[in-house]
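Below is my_file.pdb, holding PDB, C-alpha atoms.
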```
ATOM      1  CA  MET A   1     -39.806  26.245 -18.910  1.00  0.00           C
ATOM      2  CA  PHE A   2     -40.094  24.472 -15.544  1.00  0.00           C
ATOM      3  CA  LEU A   3     -43.328  22.564 -14.967  1.00  0.00           C
ATOM      4  CA  GLY A   4     -42.950  21.766 -11.250  1.00  0.00           C
ATOM      5  CA  THR A   5     -43.777  23.705  -8.113  1.00  0.00           C
ATOM      6  CA  GLU A   6     -41.505  26.326  -6.608  1.00  0.00           C
ATOM      7  CA  GLN A   7     -40.564  23.933  -3.807  1.00  0.00           C
ATOM      8  CA  GLN A   8     -39.565  21.273  -6.333  1.00  0.00           C
ATOM      9  CA  ARG A   9     -37.458  23.824  -8.196  1.00  0.00           C
ATOM     10  CA  LEU A  10     -35.660  24.860  -4.996  1.00  0.00           C
ATOM     11  CA  THR A  11     -35.071  21.235  -4.043  1.00  0.00           C
ATOM     12  CA  GLY A  12     -33.617  20.582  -7.485  1.00  0.00           C
ATOM     13  CA  LEU A  13     -31.314  23.592  -7.229  1.00  0.00           C
ATOM     14  CA  ARG A  14     -30.065  22.438  -3.816  1.00  0.00           C
ATOM     15  CA  GLN A  15     -29.366  18.975  -5.223  1.00  0.00           C
ATOM     16  CA  ILE A  16     -27.491  20.452  -8.188  1.00  0.00           C
ATOM     17  CA  ALA A  17     -25.393  22.604  -5.849  1.00  0.00           C
ATOM     18  CA  HIS A  18     -24.612  19.547  -3.723  1.00  0.00           C
ATOM     19  CA  LEU A  19     -23.582  17.512  -6.786  1.00  0.00           C
ATOM     20  CA  LYS A  20     -21.380  20.352  -8.061  1.00  0.00           C
ATOM     21  CA  GLU A  21     -19.669  20.623  -4.684  1.00  0.00           C
ATOM     22  CA  THR A  22     -19.199  16.870  -4.392  1.00  0.00           C
ATOM     23  CA  TYR A  23     -18.035  16.018  -7.908  1.00  0.00           C
ATOM     24  CA  PHE A  24     -16.790  19.218  -9.547  1.00  0.00           C
ATOM     25  CA  SER A  25     -15.183  21.165  -6.731  1.00  0.00           C
ATOM     26  CA  ASP A  26     -11.585  22.325  -7.042  1.00  0.00           C
ATOM     27  CA  ARG A  27     -10.902  21.213  -3.505  1.00  0.00           C
ATOM     28  CA  LYS A  28     -10.582  17.565  -2.593  1.00  0.00           C
ATOM     29  CA  ASN A  29     -14.029  16.087  -2.127  1.00  0.00           C
ATOM     30  CA  LYS A  30     -15.122  13.808   0.711  1.00  0.00           C
ATOM     31  CA  LEU A  31     -15.242  10.709  -1.472  1.00  0.00           C
ATOM     32  CA  GLU A  32     -11.682  11.278  -2.602  1.00  0.00           C
ATOM     33  CA  THR A  33     -10.527  11.679   0.986  1.00  0.00           C
ATOM     34  CA  ILE A  34     -12.380   8.545   2.118  1.00  0.00           C
ATOM     35  CA  PHE A  35     -11.003   6.428  -0.724  1.00  0.00           C
ATOM     36  CA  ASP A  36      -7.430   7.734  -0.589  1.00  0.00           C
ATOM     37  CA  GLN A  37      -7.133   7.390   3.206  1.00  0.00           C
ATOM     38  CA  ALA A  38      -8.851   4.001   3.406  1.00  0.00           C
ATOM     39  CA  SER A  39      -6.921   0.976   4.576  1.00  0.00           C
ATOM     40  CA  ASP A  40      -6.085  -1.722   2.041  1.00  0.00           C
ATOM     41  CA  LYS A  41      -8.823  -3.933   3.474  1.00  0.00           C
ATOM     42  CA  LEU A  42     -11.459  -1.193   3.192  1.00  0.00           C
ATOM     43  CA  LYS A  43     -10.326  -0.286  -0.346  1.00  0.00           C
ATOM     44  CA  THR A  44     -10.647  -3.935  -1.325  1.00  0.00           C
ATOM     45  CA  THR A  45     -14.159  -4.027   0.150  1.00  0.00           C
ATOM     46  CA  LEU A  46     -15.175  -0.814  -1.640  1.00  0.00           C
ATOM     47  CA  CYS A  47     -13.783  -1.959  -4.990  1.00  0.00           C
ATOM     48  CA  PHE A  48     -15.441  -5.367  -4.640  1.00  0.00           C
ATOM     49  CA  HIS A  49     -18.782  -3.759  -3.783  1.00  0.00           C
ATOM     50  CA  ALA A  50     -18.361  -1.352  -6.715  1.00  0.00           C
ATOM     51  CA  GLY A  51     -17.624  -4.225  -9.104  1.00  0.00           C
ATOM     52  CA  LEU A  52     -14.059  -3.095  -9.797  1.00  0.00           C
ATOM     53  CA  LYS A  53     -10.887  -5.158 -10.056  1.00  0.00           C
ATOM     54  CA  ARG A  54      -8.166  -5.650  -7.451  1.00  0.00           C
ATOM     55  CA  ARG A  55      -5.840  -3.371  -9.452  1.00  0.00           C
ATOM     56  CA  HIS A  56      -8.148  -0.445  -8.628  1.00  0.00           C
ATOM     57  CA  THR A  57      -7.155  -0.738  -4.959  1.00  0.00           C
ATOM     58  CA  LEU A  58      -3.660   0.410  -5.924  1.00  0.00           C
ATOM     59  CA  LEU A  59      -4.918   3.626  -7.537  1.00  0.00           C
ATOM     60  CA  THR A  60      -5.841   6.925  -5.960  1.00  0.00           C
ATOM     61  CA  TYR A  61      -9.328   8.342  -6.434  1.00  0.00           C
ATOM     62  CA  SER A  62      -8.084  10.902  -8.965  1.00  0.00           C
ATOM     63  CA  GLU A  63      -6.494   8.127 -11.046  1.00  0.00           C
ATOM     64  CA  LEU A  64      -9.836   6.350 -11.466  1.00  0.00           C
ATOM     65  CA  LYS A  65     -11.945   6.988 -14.561  1.00  0.00           C
ATOM     66  CA  PRO A  66     -15.119   9.055 -13.986  1.00  0.00           C
ATOM     67  CA  GLU A  67     -17.357   5.977 -14.311  1.00  0.00           C
ATOM     68  CA  GLU A  68     -15.184   4.149 -11.755  1.00  0.00           C
ATOM     69  CA  GLN A  69     -15.390   7.131  -9.407  1.00  0.00           C
ATOM     70  CA  LEU A  70     -19.165   7.008  -9.721  1.00  0.00           C
ATOM     71  CA  LYS A  71     -19.171   3.299  -8.871  1.00  0.00           C
ATOM     72  CA  ILE A  72     -17.044   3.990  -5.776  1.00  0.00           C
ATOM     73  CA  ALA A  73     -19.423   6.782  -4.740  1.00  0.00           C
ATOM     74  CA  GLN A  74     -22.410   4.469  -5.141  1.00  0.00           C
ATOM     75  CA  ALA A  75     -20.640   1.732  -3.163  1.00  0.00           C
ATOM     76  CA  ILE A  76     -19.847   4.118  -0.296  1.00  0.00           C
ATOM     77  CA  LEU A  77     -23.439   5.359  -0.196  1.00  0.00           C
ATOM     78  CA  SER A  78     -24.783   1.822  -0.366  1.00  0.00           C
ATOM     79  CA  LEU A  79     -22.606   0.671   2.515  1.00  0.00           C
ATOM     80  CA  CYS A  80     -23.494   3.798   4.466  1.00  0.00           C
ATOM     81  CA  HIS A  81     -27.222   3.126   4.059  1.00  0.00           C
ATOM     82  CA  PHE A  82     -26.676  -0.533   4.936  1.00  0.00           C
ATOM     83  CA  THR A  83     -24.977   0.327   8.236  1.00  0.00           C
ATOM     84  CA  ALA A  84     -27.526   3.070   8.965  1.00  0.00           C
ATOM     85  CA  ARG A  85     -30.303   0.478   8.974  1.00  0.00           C
ATOM     86  CA  TYR A  86     -28.636  -1.247  11.920  1.00  0.00           C
ATOM     87  CA  THR A  87     -27.376   1.761  13.852  1.00  0.00           C
ATOM     88  CA  GLY A  88     -30.468   3.929  13.418  1.00  0.00           C
ATOM     89  CA  GLU A  89     -28.424   6.830  12.011  1.00  0.00           C
ATOM     90  CA  PHE A  90     -28.678   8.565   8.649  1.00  0.00           C
ATOM     91  CA  CYS A  91     -25.775   9.102   6.277  1.00  0.00           C
TER      92      CYS A  91
END
```
I need this file expressed as structure tokens, please.
Amino acid sequence: MFLGTEQQRLTGLRQIAHLKETYFSDRKNKLETIFDQASDKLKTTLCFHAGLKRRHTLLTYSELKPEEQLKIAQAILSLCHFTARYTGEFC
């Protein structure tokens, strides 16, 4: 039984669909593409910001453990929001 409004339910369903597409899609997701195509310097920055070790820069996104993938996703979003504050754009 859902205790929220219809609008809250629809918002939740949209968010679930977005998460499924991002993390559980059969096709390569955007985060995987960003991480795998990143330069060594950018990978080092992402792994540092995510709290991972230097050895993680040598791996592909699919070789990372799920919790490491989540940390990379959070690092990318964090850096995106950081730069958006100064450029006036949204991620």
query = Thr57 of chain A: which residues within 8 Å, counting only C-alpha atoms, same-chain residues fewer than 3 positions away excluded, as number ranges by chain?
reply = A: 40, 43-44, 47, 53-54, 60
key: segment 12-21 of chain A surroundings by only C-alpha atoms, 12 Å radius, close-in-sequence under 6 positions cut, as an MDAnalysis selection string   = chainID A and resid 2 4:6 27:31 70 73
note = One decimal place gives the atom CA of Thr33 of chain A-atom CA of Leu77 of chain A separation as 14.4 Å
Which centre and edge lengths in Å to one decimal define the box along x, y and z that fits every listed atom of segment 27-44 of chain A plus 4 Å per side, as lines of an AutoDock Vina configuration file?
```
center_x = -10.7
center_y = 8.6
center_z = 0.5
size_x = 17.2
size_y = 33.1
size_z = 16.1
```
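In terms of minimum interatomic distance to Leu64 of chain A, A:Leu52 ranks closest within A:Thr22, A:Cys80, A:Leu52, A:Tyr86, counting all atoms listed in the file.
Atom CA of Glu68 of chain A is positioned 9.0 Å from atom CA of His56 of chain A.
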note = One decimal place gives the atom CA of Ala84 of chain A-atom CA of Arg55 of chain A separation as 29.2 Å
task = Would you list the contacts of Glu32 of chain A as a ChimeraX atom specification, taking every protein, DNA or RNA residue within 9 Å and counting all atoms listed in the file, but skipping same-chain residues closer than 5 positions in sequence?
result = /A:37,60-62,69
Please write as a PDB file with C-alpha atoms, in the coordinates of the input the full residue list that the PyMOL selection byres ((chain A and resi 79) around 12) yields on this file.
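Generated file (out.pdb):
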```pdb
ATOM      1  CA  LEU A  42     -11.459  -1.193   3.192  1.00  0.00           C
ATOM      2  CA  THR A  45     -14.159  -4.027   0.150  1.00  0.00           C
ATOM      3  CA  LEU A  46     -15.175  -0.814  -1.640  1.00  0.00           C
ATOM      4  CA  CYS A  47     -13.783  -1.959  -4.990  1.00  0.00           C
ATOM      5  CA  PHE A  48     -15.441  -5.367  -4.640  1.00  0.00           C
ATOM      6  CA  HIS A  49     -18.782  -3.759  -3.783  1.00  0.00           C
ATOM      7  CA  ALA A  50     -18.361  -1.352  -6.715  1.00  0.00           C
ATOM      8  CA  ILE A  72     -17.044   3.990  -5.776  1.00  0.00           C
ATOM      9  CA  ALA A  73     -19.423   6.782  -4.740  1.00  0.00           C
ATOM     10  CA  GLN A  74     -22.410   4.469  -5.141  1.00  0.00           C
ATOM     11  CA  ALA A  75     -20.640   1.732  -3.163  1.00  0.00           C
ATOM     12  CA  ILE A  76     -19.847   4.118  -0.296  1.00  0.00           C
ATOM     13  CA  LEU A  77     -23.439   5.359  -0.196  1.00  0.00           C
ATOM     14  CA  SER A  78     -24.783   1.822  -0.366  1.00  0.00           C
ATOM     15  CA  CYS A  80     -23.494   3.798   4.466  1.00  0.00           C
ATOM     16  CA  HIS A  81     -27.222   3.126   4.059  1.00  0.00           C
ATOM     17  CA  PHE A  82     -26.676  -0.533   4.936  1.00  0.00           C
ATOM     18  CA  THR A  83     -24.977   0.327   8.236  1.00  0.00           C
ATOM     19  CA  ALA A  84     -27.526   3.070   8.965  1.00  0.00           C
ATOM     20  CA  ARG A  85     -30.303   0.478   8.974  1.00  0.00           C
ATOM     21  CA  TYR A  86     -28.636  -1.247  11.920  1.00  0.00           C
ATOM     22  CA  PHE A  90     -28.678   8.565   8.649  1.00  0.00           C
ATOM     23  CA  CYS A  91     -25.775   9.102   6.277  1.00  0.00           C
TER      24      CYS A  91
END
```
Atoms added to segment 67-88 of chain A (N, CA and C atoms), reported as an mmCIF file, keeping the file's coordinate frame:
```cif
data_model
loop_
_atom_site.group_PDB
_atom_site.id
_atom_site.type_symbol
_atom_site.label_atom_id
_atom_site.label_comp_id
_atom_site.auth_asym_id
_atom_site.auth_seq_id
_atom_site.Cartn_x
_atom_site.Cartn_y
_atom_site.Cartn_z
ATOM 1 N N GLU A 67 -16.340 7.009 -14.559
ATOM 2 C CA GLU A 67 -17.357 5.977 -14.311
ATOM 3 C C GLU A 67 -16.959 5.091 -13.128
ATOM 4 N N GLU A 68 -15.653 4.909 -12.914
ATOM 5 C CA GLU A 68 -15.184 4.149 -11.755
ATOM 6 C C GLU A 68 -15.371 4.952 -10.475
ATOM 7 N N GLN A 69 -15.139 6.261 -10.556
ATOM 8 C CA GLN A 69 -15.390 7.131 -9.407
ATOM 9 C C GLN A 69 -16.857 7.088 -9.008
ATOM 10 N N LEU A 70 -17.736 7.087 -9.994
ATOM 11 C CA LEU A 70 -19.165 7.008 -9.721
ATOM 12 C C LEU A 70 -19.514 5.692 -9.042
ATOM 13 N N LYS A 71 -18.920 4.598 -9.499
ATOM 14 C CA LYS A 71 -19.171 3.299 -8.871
ATOM 15 C C LYS A 71 -18.691 3.281 -7.426
ATOM 16 N N ILE A 72 -17.550 3.900 -7.154
ATOM 17 C CA ILE A 72 -17.044 3.990 -5.776
ATOM 18 C C ILE A 72 -17.998 4.824 -4.927
ATOM 19 N N ALA A 73 -18.475 5.932 -5.470
ATOM 20 C CA ALA A 73 -19.423 6.782 -4.740
ATOM 21 C C ALA A 73 -20.698 6.006 -4.412
ATOM 22 N N GLN A 74 -21.202 5.258 -5.370
ATOM 23 C CA GLN A 74 -22.410 4.469 -5.141
ATOM 24 C C GLN A 74 -22.156 3.376 -4.109
ATOM 25 N N ALA A 75 -20.972 2.770 -4.133
ATOM 26 C CA ALA A 75 -20.640 1.732 -3.163
ATOM 27 C C ALA A 75 -20.567 2.309 -1.752
ATOM 28 N N ILE A 76 -19.950 3.481 -1.613
ATOM 29 C CA ILE A 76 -19.847 4.118 -0.296
ATOM 30 C C ILE A 76 -21.236 4.458 0.227
ATOM 31 N N LEU A 77 -22.072 5.029 -0.626
ATOM 32 C CA LEU A 77 -23.439 5.359 -0.196
ATOM 33 C C LEU A 77 -24.236 4.117 0.154
ATOM 34 N N SER A 78 -24.076 3.074 -0.627
ATOM 35 C CA SER A 78 -24.783 1.822 -0.366
ATOM 36 C C SER A 78 -24.377 1.235 0.980
ATOM 37 N N LEU A 79 -23.086 1.197 1.242
ATOM 38 C CA LEU A 79 -22.606 0.671 2.515
ATOM 39 C C LEU A 79 -23.013 1.564 3.678
ATOM 40 N N CYS A 80 -23.053 2.857 3.438
ATOM 41 C CA CYS A 80 -23.494 3.798 4.466
ATOM 42 C C CYS A 80 -24.962 3.556 4.823
ATOM 43 N N HIS A 81 -25.801 3.395 3.814
ATOM 44 C CA HIS A 81 -27.222 3.126 4.059
ATOM 45 C C HIS A 81 -27.426 1.766 4.711
ATOM 46 N N PHE A 82 -26.596 0.794 4.340
ATOM 47 C CA PHE A 82 -26.676 -0.533 4.936
ATOM 48 C C PHE A 82 -26.396 -0.461 6.441
ATOM 49 N N THR A 83 -25.323 0.233 6.809
ATOM 50 C CA THR A 83 -24.977 0.327 8.236
ATOM 51 C C THR A 83 -25.977 1.199 8.984
ATOM 52 N N ALA A 84 -26.560 2.194 8.318
ATOM 53 C CA ALA A 84 -27.526 3.070 8.965
ATOM 54 C C ALA A 84 -28.781 2.303 9.382
ATOM 55 N N ARG A 85 -29.125 1.287 8.644
ATOM 56 C CA ARG A 85 -30.303 0.478 8.974
ATOM 57 C C ARG A 85 -30.129 -0.189 10.329
ATOM 58 N N TYR A 86 -28.888 -0.515 10.679
ATOM 59 C CA TYR A 86 -28.636 -1.247 11.920
ATOM 60 C C TYR A 86 -28.204 -0.351 13.077
ATOM 61 N N THR A 87 -27.768 0.848 12.781
ATOM 62 C CA THR A 87 -27.376 1.761 13.852
ATOM 63 C C THR A 87 -28.432 2.805 14.142
ATOM 64 N N GLY A 88 -29.399 2.946 13.233
ATOM 65 C CA GLY A 88 -30.468 3.929 13.418
ATOM 66 C C GLY A 88 -30.057 5.344 13.046
#
```
